[in-house]
file run.txt (compact mmCIF, C-alpha atoms)
# COMPACT_ATOMS: atom_id res chain seq x y z
CA MET A 15 -11.22 -11.60 -49.34
CA ARG A 16 -12.84 -10.54 -52.61
CA ARG A 17 -11.22 -11.79 -55.81
CA ASP A 18 -10.95 -8.21 -57.11
CA GLU A 19 -8.72 -7.36 -54.15
CA LEU A 20 -6.04 -9.80 -55.26
CA LEU A 21 -2.88 -8.56 -56.92
CA ASP A 22 -1.34 -10.18 -59.96
CA ALA A 23 2.41 -10.21 -60.68
CA GLY A 24 1.97 -7.81 -63.58
CA ASP A 25 0.52 -5.16 -61.25
CA VAL A 26 3.45 -5.22 -58.81
CA PRO A 27 5.48 -2.21 -60.08
CA ALA A 28 2.51 0.16 -59.99
CA THR A 29 1.50 -1.13 -56.56
CA PHE A 30 4.99 -0.46 -55.22
CA ASP A 31 4.50 3.15 -56.31
CA ALA A 32 1.68 3.40 -53.77
CA VAL A 33 3.86 2.27 -50.85
CA ALA A 34 7.21 3.75 -51.90
CA ARG A 35 7.26 6.55 -49.31
CA ALA A 36 6.63 4.15 -46.44
CA TYR A 37 8.57 1.15 -47.76
CA ASP A 38 11.93 1.94 -46.15
CA ARG A 39 10.24 2.53 -42.81
CA GLN A 40 8.53 -0.84 -42.97
CA VAL A 41 11.61 -2.87 -43.92
CA SER A 42 13.58 -1.10 -41.17
CA LEU A 43 11.21 -2.84 -38.76
CA ASN A 44 12.13 -6.23 -40.24
CA PRO A 45 15.06 -7.53 -38.12
CA GLY A 46 17.81 -8.91 -40.33
CA TYR A 47 16.42 -7.60 -43.62
CA HIS A 48 19.47 -5.48 -44.43
CA ALA A 49 21.94 -7.93 -42.91
CA ASN A 50 20.70 -10.70 -45.17
CA LEU A 51 20.90 -8.44 -48.23
CA ARG A 52 24.53 -7.83 -47.30
CA ARG A 53 25.06 -11.60 -47.11
CA ALA A 54 23.60 -11.90 -50.61
CA ALA A 55 25.83 -9.11 -51.94
CA ASN A 56 28.90 -10.72 -50.35
CA ALA A 57 28.00 -14.11 -51.84
CA LEU A 58 28.06 -12.46 -55.27
CA LEU A 59 31.18 -10.31 -54.75
CA ASP A 60 33.12 -13.25 -53.31
CA ARG A 61 33.18 -14.62 -56.88
CA LEU A 62 34.22 -11.38 -58.60
CA PRO A 63 37.07 -8.86 -58.69
CA ALA A 64 36.57 -5.99 -56.23
CA SER A 65 35.96 -3.44 -58.99
CA SER A 66 33.29 -5.12 -61.13
CA ARG A 67 30.46 -3.77 -63.22
CA LEU A 68 27.30 -4.77 -61.35
CA LEU A 69 23.59 -4.79 -62.17
CA ASP A 70 20.97 -4.72 -59.41
CA VAL A 71 17.70 -5.81 -61.04
CA GLY A 72 14.59 -5.04 -59.01
CA CYS A 73 16.54 -2.58 -56.86
CA GLY A 74 13.43 -1.00 -55.32
CA SER A 75 14.28 1.88 -53.01
CA GLY A 76 17.97 0.96 -53.10
CA ALA A 77 18.48 -1.40 -50.15
CA SER A 78 20.06 -4.09 -52.31
CA THR A 79 22.07 -1.46 -54.20
CA LYS A 80 23.46 -0.20 -50.90
CA ALA A 81 24.42 -3.76 -49.94
CA LEU A 82 26.32 -4.12 -53.23
CA ALA A 83 28.07 -0.76 -52.84
CA LEU A 84 29.17 -1.62 -49.31
CA ALA A 85 30.49 -5.00 -50.45
CA VAL A 86 32.55 -3.32 -53.18
CA LEU A 87 33.92 -0.62 -50.88
CA ARG A 88 34.89 -3.11 -48.18
CA ARG A 89 36.95 -4.97 -50.78
CA GLY A 90 38.76 -1.78 -51.75
CA GLY A 91 36.95 -1.48 -55.08
CA ARG A 92 35.17 1.41 -56.76
CA PRO A 93 31.40 0.99 -57.23
CA ASP A 94 30.13 0.64 -60.79
CA ILE A 95 26.51 -0.27 -60.18
CA VAL A 96 23.28 0.26 -62.11
CA GLY A 97 20.08 -0.25 -60.10
CA VAL A 98 17.04 -1.02 -62.24
CA ASP A 99 13.39 -1.18 -61.21
CA GLY A 100 9.98 -1.00 -62.83
CA SER A 101 8.47 1.26 -60.14
CA ALA A 102 8.98 5.00 -60.64
CA GLY A 103 8.05 5.67 -57.01
CA MET A 104 10.64 3.25 -55.65
CA LEU A 105 13.31 4.70 -57.93
CA ASP A 106 12.48 8.21 -56.71
CA ALA A 107 13.06 6.96 -53.16
CA ALA A 108 16.37 5.39 -54.21
CA ARG A 109 17.63 8.47 -56.03
CA ALA A 110 16.81 10.69 -53.05
CA LYS A 111 19.50 8.94 -50.98
CA ARG A 112 23.22 9.74 -50.93
CA TRP A 113 25.35 7.42 -53.03
CA PRO A 114 29.05 7.02 -53.76
CA ALA A 115 30.23 7.93 -57.25
CA GLY A 116 29.54 5.17 -59.73
CA VAL A 117 26.04 4.27 -58.50
CA ARG A 118 23.13 5.19 -60.77
CA PHE A 119 19.54 4.15 -61.40
CA ALA A 120 17.30 3.51 -64.39
CA ARG A 121 13.71 2.48 -64.91
CA ALA A 122 13.01 -0.80 -66.69
CA ARG A 123 11.20 -4.06 -66.15
CA ALA A 124 13.39 -7.13 -65.75
CA GLU A 125 11.79 -8.68 -68.83
CA ARG A 126 12.70 -5.66 -70.97
CA LEU A 127 16.25 -4.70 -70.05
CA ASP A 128 17.14 -4.39 -73.73
CA ASP A 129 14.96 -1.25 -73.78
CA CYS A 130 17.18 0.37 -71.12
CA PRO A 131 20.38 1.85 -72.62
CA GLU A 132 21.82 2.60 -69.14
CA VAL A 133 22.14 -1.13 -68.48
CA GLY A 134 24.56 -1.78 -71.32
CA PRO A 135 25.27 -5.10 -73.03
CA GLU A 136 27.29 -6.99 -70.40
CA VAL A 137 28.09 -6.91 -66.67
CA ASP A 138 30.39 -8.86 -64.36
CA GLY A 139 27.79 -9.61 -61.71
CA LEU A 140 24.03 -9.42 -61.30
CA LEU A 141 21.89 -9.42 -58.15
CA ALA A 142 18.14 -9.94 -58.32
CA ALA A 143 16.59 -9.63 -54.85
CA TYR A 144 12.88 -10.38 -54.41
CA LEU A 145 12.45 -10.27 -58.20
CA ILE A 146 11.97 -13.66 -59.87
CA ARG A 147 9.03 -14.47 -57.59
CA ASN A 148 7.18 -11.49 -59.08
CA VAL A 149 7.56 -12.80 -62.64
CA PRO A 150 4.62 -14.98 -63.81
CA ALA A 151 5.52 -18.63 -63.30
CA GLU A 152 5.35 -19.49 -67.00
CA GLU A 153 7.86 -16.72 -67.79
CA ARG A 154 10.37 -17.29 -64.96
CA GLN A 155 12.85 -19.52 -66.74
CA GLU A 156 12.95 -17.22 -69.73
CA CYS A 157 13.52 -14.26 -67.39
CA VAL A 158 16.34 -16.05 -65.54
CA GLU A 159 18.00 -16.96 -68.83
CA SER A 160 17.76 -13.38 -70.08
CA LEU A 161 19.43 -12.14 -66.88
CA VAL A 162 22.19 -14.73 -67.14
CA ALA A 163 22.78 -13.70 -70.75
CA ARG A 164 23.66 -10.18 -69.56
CA VAL A 165 26.57 -11.52 -67.50
CA ARG A 166 29.98 -12.02 -69.10
CA PRO A 167 31.57 -15.47 -69.16
CA GLY A 168 33.23 -15.90 -65.78
CA GLY A 169 30.73 -13.55 -64.14
CA SER A 170 28.14 -14.51 -61.53
CA VAL A 171 24.43 -14.18 -60.74
CA ALA A 172 22.74 -14.16 -57.32
CA LEU A 173 19.00 -14.61 -56.77
CA HIS A 174 17.79 -13.64 -53.30
CA ASP A 175 14.24 -14.39 -52.16
CA TYR A 176 11.88 -16.09 -49.77
CA SER A 177 11.21 -19.73 -50.59
CA VAL A 178 9.20 -22.11 -48.40
CA ARG A 179 7.73 -24.62 -50.84
CA GLY A 180 8.24 -28.17 -49.63
CA ASN A 181 8.96 -27.05 -46.08
CA ILE A 182 5.74 -27.23 -44.04
CA ALA A 183 7.25 -25.64 -40.92
CA ALA A 184 8.70 -22.72 -42.92
CA ALA A 185 5.40 -22.16 -44.71
CA LEU A 186 3.57 -22.07 -41.38
CA ILE A 187 6.06 -19.62 -39.88
CA TRP A 188 5.77 -17.44 -42.99
CA THR A 189 1.97 -17.36 -42.72
CA VAL A 190 2.02 -16.49 -39.03
CA VAL A 191 4.59 -13.71 -39.55
CA CYS A 192 2.67 -12.23 -42.47
CA TRP A 193 -0.71 -12.10 -40.77
CA SER A 194 0.55 -11.11 -37.33
CA VAL A 195 3.27 -8.63 -38.35
CA VAL A 196 3.81 -7.83 -42.04
CA ILE A 197 0.23 -7.17 -43.13
CA PRO A 198 -0.69 -5.13 -40.02
CA LEU A 199 2.51 -3.09 -40.44
CA GLY A 200 1.56 -2.44 -44.05
CA TRP A 201 -1.65 -0.88 -42.81
CA LEU A 202 0.02 1.12 -40.04
CA THR A 203 2.84 2.51 -42.21
CA ALA A 204 1.09 3.02 -45.55
CA ARG A 205 -2.64 2.37 -45.02
CA HIS A 206 -2.13 -0.36 -47.56
CA THR A 207 -2.35 -4.15 -47.29
CA ARG A 208 -2.91 -5.37 -50.87
CA LEU A 209 0.79 -5.62 -51.68
CA TYR A 210 1.58 -7.47 -48.45
CA ARG A 211 -1.25 -9.95 -48.90
CA TYR A 212 0.18 -10.58 -52.35
CA LEU A 213 3.63 -11.05 -50.74
CA TRP A 214 2.21 -13.74 -48.46
CA ARG A 215 0.50 -15.61 -51.31
CA SER A 216 3.38 -15.25 -53.77
CA VAL A 217 5.95 -16.75 -51.39
CA LEU A 218 3.75 -19.77 -50.68
CA ALA A 219 3.37 -20.35 -54.43
CA PHE A 220 7.00 -19.65 -55.37
CA ASP A 221 9.69 -22.13 -56.43
CA SER A 222 11.35 -24.36 -53.89
CA VAL A 223 15.02 -23.61 -53.20
CA ASP A 224 16.02 -26.65 -55.27
CA ASP A 225 13.83 -25.46 -58.15
CA LEU A 226 15.37 -21.99 -58.02
CA ALA A 227 18.88 -23.45 -58.07
CA GLY A 228 17.75 -25.66 -60.94
CA ARG A 229 16.75 -22.60 -62.94
CA LEU A 230 20.31 -21.25 -62.71
CA ARG A 231 21.75 -24.61 -63.76
CA GLN A 232 19.30 -24.84 -66.66
CA ALA A 233 20.43 -21.35 -67.71
CA GLY A 234 23.98 -22.71 -67.94
CA LEU A 235 25.51 -21.59 -64.65
CA VAL A 236 27.96 -23.77 -62.73
CA ASP A 237 29.10 -23.99 -59.11
CA VAL A 238 25.53 -23.18 -58.04
CA ARG A 239 25.28 -22.87 -54.26
CA VAL A 240 22.67 -21.85 -51.71
CA VAL A 241 23.50 -19.32 -48.98
CA ARG A 242 20.95 -19.55 -46.20
CA ALA A 243 19.78 -16.53 -44.25
CA VAL A 244 20.42 -15.93 -40.58
CA GLY A 245 18.14 -14.80 -37.78
CA TRP A 246 14.39 -15.30 -37.96
CA HIS A 247 14.69 -15.59 -41.75
CA ARG A 248 16.54 -18.91 -41.44
CA GLY A 249 14.69 -21.52 -43.48
CA LEU A 250 12.57 -18.85 -45.19
CA LEU A 251 15.06 -16.68 -47.09
CA HIS A 252 17.82 -17.90 -49.40
CA THR A 253 20.43 -16.64 -51.83
CA VAL A 254 21.19 -18.88 -54.81
CA VAL A 255 24.41 -17.95 -56.60
CA GLY A 256 26.08 -19.40 -59.69
CA THR A 257 28.82 -18.59 -62.18
CA ARG A 258 28.78 -18.46 -65.95
CA PRO A 259 31.44 -20.77 -67.40
CA GLY A 260 34.44 -19.38 -69.28
CA GLY A 261 36.19 -16.04 -69.12
CA SER A 262 38.59 -14.88 -66.46
CA PRO A 263 38.01 -16.50 -63.05
CA GLY A 264 37.07 -14.37 -60.07
CA PRO A 265 38.51 -14.72 -56.57
CA VAL A 266 38.74 -18.24 -55.23
CA PRO A 267 36.26 -18.78 -52.32

call {"tool": "encode", "arguments": {"input": "run.txt", "output": "structure tokens"}}
result
Amino acid sequence: MRRDELLDAGDVPATFDAVARAYDRQVSLNPGYHANLRRAANALLDRLPASSRLLDVGCGSGASTKALALAVLRRGGRPDIVGVDGSAGMLDAARAKRWPAGVRFARARAERLDDCPEVGPEVDGLLAAYLIRNVPAEERQECVESLVARVRPGGSVALHDYSVRGNIAAALIWTVVCWSVVIPLGWLTARHTRLYRYLWRSVLAFDSVDDLAGRLRQAGLVDVRVVRAVGWHRGLLHTVVGTRPGGSPGPVP
């Protein structure tokens, strides 16, 4: 592989533009992808009132936003969700879908949410799925802390992502799945493999689950817990959720 073929974290939003039309088709071929997003959304909503103001950072084509909306509706609440992403192409794909009232989308990078008036100053809950891994390593803690700062006292944050560092078996499974399934599917569905080769490398280099939980604790969150994925994602995919101290408590788990 030539060095100039490699993708850096800063190039990710523009690269998602190139695969946006085929992205939903590819993830639909990933067994358990949507089910595990729903688990992540439920882990967040279990700590909040049913009708909460929610922020979905790195919403992509809207799969995580849909998981949040379903979690709210199943609890008898009314969705109040802003999905934010840095890729215009992925946001176009999200906006083209049908949504319940109260769901809207805005374009912004996670590091620059202050430039996005649609986000507003404070939310009850925040989900960031497959996001923090795409922030340069030296900027991750600052990014996590900026996300936590957008959540009211008593609110909660959930980070959902692949993490295999420190687990040799998981790293091996991840490599086999990427090169036998994910990367070939990227070529078949979008004639594009650069993003999926980056996905493979970025997961191997990403934080361990303990490190990711540690970032939330360092940002001041309490009751930090790990929700492990089911299906073939077990051991590879995790949701780390924590609560900001103070404020009105949410539902008791």

call {"tool": "residues_around", "arguments": {"input": "run.txt", "residues": "Ala55 of chain A", "least_positions_apart": "4", "cutoff": "9 Å", "atoms": "all atoms listed in the file", "output": "JSON, numbers by chain"}}
result
{"A": [50, 51, 59, 60, 78, 79, 81, 82, 83, 84, 85, 86, 141, 172]}

call {"tool": "write_last_selection", "arguments": {"input": "run.txt", "atoms": "C-alpha atoms", "output": "JSON list (two decimals), in the coordinates of the input"}}
result
[["chain", "number", "residue", "atom", "x", "y", "z"],
["A", 50, "ASN", "CA", 20.70, -10.70, -45.17],
["A", 51, "LEU", "CA", 20.90, -8.44, -48.23],
["A", 59, "LEU", "CA", 31.18, -10.31, -54.75],
["A", 60, "ASP", "CA", 33.12, -13.25, -53.31],
["A", 78, "SER", "CA", 20.06, -4.09, -52.31],
["A", 79, "THR", "CA", 22.07, -1.46, -54.20],
["A", 81, "ALA", "CA", 24.42, -3.76, -49.94],
["A", 82, "LEU", "CA", 26.32, -4.12, -53.23],
["A", 83, "ALA", "CA", 28.07, -0.76, -52.84],
["A", 84, "LEU", "CA", 29.17, -1.62, -49.31],
["A", 85, "ALA", "CA", 30.49, -5.00, -50.45],
["A", 86, "VAL", "CA", 32.55, -3.32, -53.18],
["A", 141, "LEU", "CA", 21.89, -9.42, -58.15],
["A", 172, "ALA", "CA", 22.74, -14.16, -57.32]]

call {"tool": "closest_residue", "arguments": {"input": "run.txt", "among": "A:Gly228, A:Gly168, A:Pro45, A:Gly200", "to": "Gly139 of chain A", "atoms": "all atoms listed in the file"}}
result
A:Gly168

call {"tool": "atom_distance", "arguments": {"input": "run.txt", "atom1": "atom CA of Ser170 of chain A", "atom2": "atom CA of Met104 of chain A"}}
result
25.6 Å

call {"tool": "residues_near_point", "arguments": {"input": "run.txt", "point": "(24.3, -23.2, -60.5)", "cutoff": "10 Å", "atoms": "all atoms listed in the file", "output": "JSON, numbers by chain"}}
result
{"A": [170, 171, 172, 226, 227, 228, 229, 230, 231, 232, 233, 234, 235, 236, 237, 238, 239, 240, 254, 255, 256, 257, 258]}

call {"tool": "atom_distance", "arguments": {"input": "run.txt", "atom1": "atom CA of Ser177 of chain A", "atom2": "atom CA of Ser75 of chain A"}}
result
22.0 Å

call {"tool": "closest_residue", "arguments": {"input": "run.txt", "among": "A:Val190, A:Leu58, A:Val117, A:Ala124", "to": "Glu159 of chain A", "atoms": "only C-alpha atoms"}}
result
A:Ala124

call {"tool": "closest_residue", "arguments": {"input": "run.txt", "among": "A:Arg121, A:Arg39, A:Arg61, A:Arg67", "to": "Ala102 of chain A", "atoms": "only C-alpha atoms"}}
result
A:Arg121

call {"tool": "closest_residue", "arguments": {"input": "run.txt", "among": "A:Ser216, A:Thr203, A:Ser66, A:Ser194", "to": "Leu43 of chain A", "atoms": "all atoms listed in the file"}}
result
A:Thr203

call {"tool": "residues_around", "arguments": {"input": "run.txt", "residues": "Ala120 of chain A", "least_positions_apart": "3", "cutoff": "10 Å", "atoms": "all atoms listed in the file", "output": "list of chain:residue names"}}
result
A:Val71, A:Cys73, A:Val96, A:Gly97, A:Val98, A:Asp99, A:Gly100, A:Ala102, A:Leu105, A:Arg109, A:Arg123, A:Cys130, A:Pro131, A:Glu132, A:Val133

call {"tool": "atom_distance", "arguments": {"input": "run.txt", "atom1": "atom CA of Ser160 of chain A", "atom2": "atom CA of Leu127 of chain A"}}
result
8.8 Å

call {"tool": "closest_residue", "arguments": {"input": "run.txt", "among": "A:Ala151, A:Val158, A:Leu173, A:Val196", "to": "Arg53 of chain A", "atoms": "all atoms listed in the file"}}
result
A:Leu173

call {"tool": "closest_residue", "arguments": {"input": "run.txt", "among": "A:Tyr176, A:Thr189, A:Ile197, A:His48", "to": "Arg248 of chain A", "atoms": "all atoms listed in the file"}}
result
A:Tyr176

call {"tool": "axis_aligned_box", "arguments": {"input": "run.txt", "around": "segment 104-120 of chain A", "padding_each_side": "8 Å", "output": "lines of an AutoDock Vina configuration file"}}
result
center_x = 20.4
center_y = 7.0
center_z = -57.7
size_x = 35.6
size_y = 23.4
size_z = 29.5

call {"tool": "residues_around", "arguments": {"input": "run.txt", "residues": "Gly261 of chain A", "least_positions_apart": "3", "cutoff": "8 Å", "atoms": "all atoms listed in the file", "output": "list in words"}}
result
Arg166, Pro167, Gly168 and Gly169 of chain A

call {"tool": "residues_around", "arguments": {"input": "run.txt", "residues": "Glu125 of chain A", "least_positions_apart": "3", "cutoff": "10 Å", "atoms": "all atoms listed in the file", "output": "PyMOL selection string"}}
result
chain A and resi 100+122+128-129+149+153-154+156-158+160-161
